[in-house]
>>> print(open('upload_26.txt').read())   # compact mmCIF, C-alpha atoms
# COMPACT_ATOMS: atom_id res chain seq x y z
CA MET A 1 259.71 12.49 185.92
CA ASN A 2 259.37 12.40 189.72
CA ASP A 3 256.06 10.75 190.70
CA LYS A 4 255.80 13.05 193.71
CA GLU A 5 256.01 16.17 191.60
CA PRO A 6 252.56 17.86 191.48
CA SER A 7 250.82 17.78 188.14
CA LYS A 8 250.01 20.92 186.18
CA GLU A 9 246.29 20.35 186.77
CA ASN A 10 246.77 20.16 190.54
CA LEU A 11 248.85 23.34 190.54
CA ASN A 12 246.20 25.19 188.56
CA SER A 13 243.50 23.91 190.88
CA ALA A 14 245.41 25.12 193.94
CA GLN A 15 246.06 28.51 192.38
CA ASN A 16 242.36 28.97 191.51
CA LYS A 17 241.19 28.41 195.07
CA LYS A 18 239.98 31.45 197.00
CA TYR A 19 240.03 31.98 200.74
CA ASP A 20 238.36 34.48 203.04
CA LYS A 21 240.19 36.51 205.68
CA ASN A 22 239.81 33.65 208.18
CA GLY A 23 241.62 31.27 205.86
CA ASP A 24 238.49 29.27 205.00
CA GLU A 25 238.20 28.10 201.41
CA ILE A 26 235.39 29.75 199.45
CA ILE A 27 233.45 27.00 197.69
CA TRP A 28 230.77 29.27 196.19
CA GLU A 29 230.57 33.00 195.55
CA TYR A 30 227.73 35.18 194.33
CA GLU A 31 228.73 36.70 191.01
CA GLY A 32 226.22 39.53 191.05
CA ASP A 33 224.63 41.74 188.45
CA SER A 34 226.20 44.62 186.64
CA LYS A 35 225.73 47.61 188.93
CA VAL A 36 225.58 49.86 185.86
CA TRP A 37 222.64 47.89 184.49
CA PHE A 38 220.95 48.00 187.89
CA CYS A 39 221.31 51.80 188.02
CA ILE A 40 219.83 52.08 184.51
CA VAL A 41 216.81 50.05 185.64
CA VAL A 42 216.43 52.26 188.71
CA ALA A 43 216.75 55.45 186.61
CA VAL A 44 214.03 54.28 184.21
CA HIS A 45 211.83 53.41 187.17
CA MET A 46 212.34 56.86 188.71
CA ILE A 47 211.52 58.58 185.39
CA TYR A 48 208.33 56.54 185.28
CA ILE A 49 207.45 57.63 188.83
CA TYR A 50 208.11 61.29 188.02
CA THR A 51 205.99 61.09 184.84
CA PHE A 52 203.20 59.40 186.77
CA TYR A 53 203.41 62.13 189.42
CA ARG A 54 203.22 64.98 186.89
CA LEU A 55 200.32 63.41 185.01
CA THR A 56 198.48 62.80 188.28
CA ILE A 57 198.95 66.41 189.36
CA ASP A 58 197.72 67.69 185.99
CA GLN A 59 194.72 65.36 186.02
CA ALA A 60 193.85 66.30 189.58
CA ALA A 61 193.89 69.97 188.57
CA ASN A 62 191.22 69.18 185.97
CA TRP A 63 188.99 67.50 188.55
CA VAL A 64 189.28 69.91 191.45
CA ASN A 65 190.94 73.16 192.33
CA PRO A 66 193.86 71.71 194.31
CA GLY A 67 194.89 73.66 197.34
CA PHE A 68 198.11 73.69 199.30
CA GLY A 69 197.13 70.54 201.20
CA HIS A 70 196.60 68.59 197.99
CA TYR A 71 200.02 69.53 196.68
CA VAL A 72 201.68 68.63 199.97
CA ALA A 73 199.94 65.23 199.95
CA PHE A 74 200.97 64.54 196.35
CA LEU A 75 204.51 65.71 197.06
CA GLY A 76 204.76 63.44 200.10
CA LEU A 77 203.55 60.45 198.08
CA PHE A 78 205.99 61.29 195.29
CA LEU A 79 208.94 61.54 197.68
CA ILE A 80 208.09 58.17 199.21
CA MET A 81 207.86 56.53 195.78
CA PHE A 82 211.02 58.30 194.65
CA ALA A 83 213.02 57.41 197.75
CA TYR A 84 212.52 53.65 197.48
CA PRO A 85 214.57 53.24 194.24
CA LEU A 86 217.34 55.29 195.84
CA TYR A 87 217.21 52.99 198.85
CA SER A 88 217.46 50.04 196.45
CA ILE A 89 220.65 51.49 194.97
CA PHE A 90 222.07 51.96 198.46
CA ARG A 91 221.30 48.36 199.43
CA LEU A 92 222.83 47.05 196.21
CA PHE A 93 226.08 49.00 196.61
CA ASN A 94 226.16 48.11 200.30
CA GLN A 95 226.15 44.43 199.32
CA LYS A 96 229.87 43.70 199.64
CA ALA A 97 230.02 39.93 199.13
CA VAL A 98 227.99 36.77 199.48
CA TYR A 99 229.86 33.49 199.62
CA ALA A 100 229.92 30.03 201.15
CA THR A 101 232.67 28.09 202.87
CA LYS A 102 232.38 24.40 203.68
CA ASP A 103 230.25 25.12 206.77
CA LYS A 104 228.98 28.72 206.51
CA LEU A 105 226.97 31.00 204.23
CA ILE A 106 228.18 34.57 204.67
CA PHE A 107 226.53 37.87 203.70
CA LYS A 108 228.89 40.85 203.97
CA LYS A 109 228.00 44.54 203.84
CA TYR A 110 230.09 47.69 203.71
CA LEU A 111 227.84 49.27 206.34
CA GLY A 112 226.27 46.99 208.90
CA LYS A 113 227.00 43.65 210.47
CA THR A 114 228.05 40.57 208.54
CA LYS A 115 225.36 37.89 208.52
CA THR A 116 226.63 34.34 208.95
CA LEU A 117 224.41 31.26 208.59
CA SER A 118 225.53 27.76 209.44
CA LEU A 119 225.20 25.35 206.53
CA GLU A 120 224.11 22.76 209.06
CA LEU A 121 220.76 24.57 208.92
CA PRO A 122 218.22 23.61 206.24
CA ILE A 123 218.30 26.92 204.32
CA TYR A 124 216.08 27.45 201.30
CA GLY A 125 215.43 30.41 199.02
CA LEU A 126 212.51 32.28 197.51
CA HIS A 127 212.94 34.58 194.52
CA ARG A 128 210.65 37.61 194.66
CA LEU A 129 209.97 39.54 191.46
CA LEU A 130 207.56 42.20 192.66
CA ARG A 131 209.91 44.52 194.52
CA CYS A 132 210.45 47.09 191.77
CA PRO A 133 212.89 48.18 190.57
CA HIS A 134 214.79 45.10 191.72
CA SER A 135 214.31 41.48 192.67
CA THR A 136 215.43 39.76 195.83
CA THR A 137 216.24 36.21 196.76
CA ASP A 138 215.14 35.77 200.35
CA PHE A 139 216.54 32.99 202.52
CA TYR A 140 214.59 31.12 205.18
CA ILE A 141 215.21 28.25 207.58
CA LEU A 142 213.03 25.19 206.94
CA SER A 143 211.14 24.50 210.14
CA ASN A 144 208.23 22.46 211.43
CA LYS A 145 206.77 25.77 212.67
CA GLY A 146 206.38 27.08 209.13
CA ARG A 147 208.02 30.06 207.46
CA LEU A 148 208.82 32.49 210.25
CA PHE A 149 211.01 35.32 208.95
CA ARG A 150 213.66 36.09 206.37
CA VAL A 151 217.15 35.43 207.70
CA ALA A 152 219.09 36.98 204.79
CA TYR A 153 218.67 38.23 201.23
CA ILE A 154 220.45 39.04 197.98
CA ILE A 155 219.42 41.98 195.79
CA HIS A 156 219.66 41.61 192.01
CA VAL A 157 217.95 42.62 188.78
CA GLY A 158 216.81 39.19 187.57
CA GLN A 159 217.36 35.48 188.02
CA ASP A 160 220.99 34.62 188.69
CA GLU A 161 222.69 31.39 187.66
CA SER A 162 225.14 31.50 190.56
CA ILE A 163 222.22 31.39 193.02
CA ARG A 164 220.93 28.25 191.30
CA GLU A 165 224.38 26.71 191.81
CA LEU A 166 224.15 27.56 195.51
CA TYR A 167 220.78 25.84 195.68
CA LYS A 168 221.76 22.66 193.85
CA ASN A 169 225.28 22.09 195.15
CA ILE A 170 225.13 23.36 198.73
CA LEU A 171 221.67 24.02 200.18
CA LEU A 172 219.55 21.29 198.62
CA PRO A 173 221.29 18.25 200.19
CA ARG A 174 220.86 19.67 203.70
CA VAL A 175 217.18 20.52 203.10
CA LYS A 176 216.52 16.98 201.90
CA GLU A 177 218.29 15.43 204.87
CA TYR A 178 216.34 17.60 207.30
CA TYR A 179 213.04 16.61 205.71
CA LEU A 180 213.89 12.91 205.73
CA ASN A 181 214.48 13.10 209.48
CA VAL A 182 211.09 14.67 210.27
CA VAL A 183 209.07 12.10 212.21
CA ASP A 184 205.67 13.77 212.61
CA ASP A 185 203.46 13.77 209.49
CA LYS A 186 201.92 17.15 210.32
CA GLU A 187 205.34 18.72 210.64
CA ALA A 188 206.36 17.14 207.34
CA ALA A 189 203.26 18.64 205.69
CA ILE A 190 204.24 22.11 206.96
CA CYS A 191 207.73 21.69 205.49
CA ARG A 192 206.30 20.52 202.15
CA ASP A 193 204.02 23.56 201.97
CA ASP A 194 206.98 25.88 202.55
CA LEU A 195 209.07 24.12 199.90
CA LEU A 196 206.20 24.22 197.41
CA ASP A 197 206.14 28.00 197.87
CA SER A 198 209.87 28.37 197.26
CA ASP A 199 212.46 28.06 194.50
CA PHE A 200 213.13 24.50 195.64
CA LYS A 201 209.83 23.20 194.25
CA ARG A 202 211.55 22.88 190.85
CA LEU A 203 214.55 21.12 192.34
CA ILE A 204 212.88 18.51 194.55
CA ASP A 205 210.46 15.73 193.71
CA LEU A 206 208.49 16.14 196.93
CA LYS A 207 206.38 13.04 196.32
CA ALA A 208 209.46 10.86 195.95
CA LEU A 209 211.06 12.57 198.95
CA GLU A 210 207.97 11.87 201.08
CA ASN A 211 208.00 8.21 200.00
CA GLU A 212 211.65 8.00 201.01
CA ARG A 213 210.83 9.57 204.39
CA GLN A 214 208.06 7.05 205.01
CA GLU A 215 210.37 4.20 204.03
CA ARG A 216 213.03 5.47 206.42
CA LEU A 217 210.47 5.64 209.24
CA LYS A 218 209.43 2.03 208.60
CA ASN A 219 213.04 0.88 208.63
CA ASP A 220 213.73 2.77 211.86
CA LYS A 221 210.72 1.12 213.54
CA SER A 222 211.70 -2.34 212.35
CA ASN A 223 215.25 -1.90 213.65
CA LYS A 224 214.09 -1.03 217.16
>>> encode(input="upload_26.txt", output="structure tokens")
Amino acid sequence: MNDKEPSKENLNSAQNKKYDKNGDEIIWEYEGDSKVWFCIVVAVHMIYIYTFYRLTIDQAANWVNPGFGHYVAFLGLFLIMFAYPLYSIFRLFNQKAVYATKDKLIFKKYLGKTKTLSLELPIYGLHRLLRCPHSTTDFYILSNKGRLFRVAYIIHVGQDESIRELYKNILLPRVKEYYLNVVDDKEAAICRDDLLDSDFKRLIDLKALENERQERLKNDKSNK
């Protein structure tokens, strides 16, 4: 057998690789929830809202003699509550793809601009459960100025294993390196507070990381 002939494993590995339209290899891709299941959750939520609305109207009629203004107010509140789940469905189906290349994290939509974040940035995530009928994973940039604003998000029904893979394999090393290079103790405390209020608190031993940062600072001073 020719030693230069590629092995079967290498051929399979090459065939399994995926690339985006720019020719960059995709090293991670968000798998996503079942859109059917998401729609079922939204439908149940909307039925709940409608039932709540009808019961509220009936109860209000027992308390007072509702006039036209009361019904308009209740109807307006109902439409607002009813519209949000529909907006959730739109945002889910507008979520075209989320993936990472070796140097970028990319959020694509069918309608709207593609969001691209450099993986040189210390990006961390925060899973939010309270945005019924869906959850979101919000992404922020770790900064010595504290948590400023959400830079991107993923909509899903529940916790997603592929997002954990993104955290562990891609985002976490950069976040650690950023923290280890923070010189000012007050700035480091701000970063720790943000990480403690994020999904990364279960992935990082912040006490050990702080000890490593202090040790690095001592070594840097002794080398000067």
>>> residues_around(input="upload_26.txt", residues="stretch 101-103 of chain A", least_positions_apart="6", cutoff="9 Å", atoms="all atoms listed in the file", output="tab-separated table (two decimals) with C-alpha atoms, in the coordinates of the input")
chain	number	residue	atom	x	y	z
A	19	TYR	CA	240.03	31.98	200.74
A	20	ASP	CA	238.36	34.48	203.04
A	24	ASP	CA	238.49	29.27	205.00
A	25	GLU	CA	238.20	28.10	201.41
A	26	ILE	CA	235.39	29.75	199.45
A	27	ILE	CA	233.45	27.00	197.69
A	28	TRP	CA	230.77	29.27	196.19
A	117	LEU	CA	224.41	31.26	208.59
A	118	SER	CA	225.53	27.76	209.44
A	119	LEU	CA	225.20	25.35	206.53
A	120	GLU	CA	224.11	22.76	209.06
A	170	ILE	CA	225.13	23.36	198.73
>>> atom_distance(input="upload_26.txt", atom1="atom CA of A:Leu79", atom2="atom CA of A:Leu92")
20.1 Å
>>> atom_distance(input="upload_26.txt", atom1="atom CA of A:Leu126", atom2="atom CA of A:Asp138")
5.2 Å
>>> closest_residue(input="upload_26.txt", among="A:Tyr99, A:Tyr48, A:Phe93, A:Phe200", to="A:His127", atoms="all atoms listed in the file")
A:Phe200
>>> residues_around(input="upload_26.txt", residues="A:Arg174", least_positions_apart="3", cutoff="6 Å", atoms="only C-alpha atoms", output="MDAnalysis selection string")
chainID A and resid 122 171 177
>>> closest_residue(input="upload_26.txt", among="A:Asn211, A:Ser88, A:Ser222, A:Ser162", to="A:Glu31", atoms="all atoms listed in the file")
A:Ser162
>>> closest_residue(input="upload_26.txt", among="A:Ile163, A:Glu215, A:Asn94, A:Asn144", to="A:Lys186", atoms="all atoms listed in the file")
A:Asn144
>>> closest_residue(input="upload_26.txt", among="A:Lys18, A:Tyr30, A:Ala43, A:Phe78", to="A:Lys108", atoms="all atoms listed in the file")
A:Tyr30
>>> residues_around(input="upload_26.txt", residues="stretch 145-149 of chain A", least_positions_apart="4", cutoff="7 Å", atoms="all atoms listed in the file", output="PDB file with C-alpha atoms, in the frame of the given file")
ATOM      1  CA  TYR A 140     214.590  31.120 205.180  1.00  0.00           C
ATOM      2  CA  ILE A 190     204.240  22.110 206.960  1.00  0.00           C
ATOM      3  CA  CYS A 191     207.730  21.690 205.490  1.00  0.00           C
ATOM      4  CA  ASP A 194     206.980  25.880 202.550  1.00  0.00           C
TER       5      ASP A 194
END
>>> atom_distance(input="upload_26.txt", atom1="atom CA of A:Leu203", atom2="atom CA of A:Leu166")
12.0 Å
>>> closest_residue(input="upload_26.txt", among="A:Ala188, A:Val175, A:Leu180, A:Leu195", to="A:Leu209", atoms="all atoms listed in the file")
A:Leu180
>>> residues_around(input="upload_26.txt", residues="A:Tyr110", least_positions_apart="5", cutoff="12 Å", atoms="all atoms listed in the file", output="ChimeraX atom specification")
/A:90-98,115
>>> closest_residue(input="upload_26.txt", among="A:Leu111, A:Ile89, A:Ala208, A:Ile80", to="A:Ile40", atoms="all atoms listed in the file")
A:Ile89
>>> axis_aligned_box(input="upload_26.txt", around="stretch 171-185 of chain A", padding_each_side="3 Å", output="JSON")
{"center_x": 212.6, "center_y": 18.1, "center_z": 205.6, "size_x": 24.2, "size_y": 17.9, "size_z": 20.0}
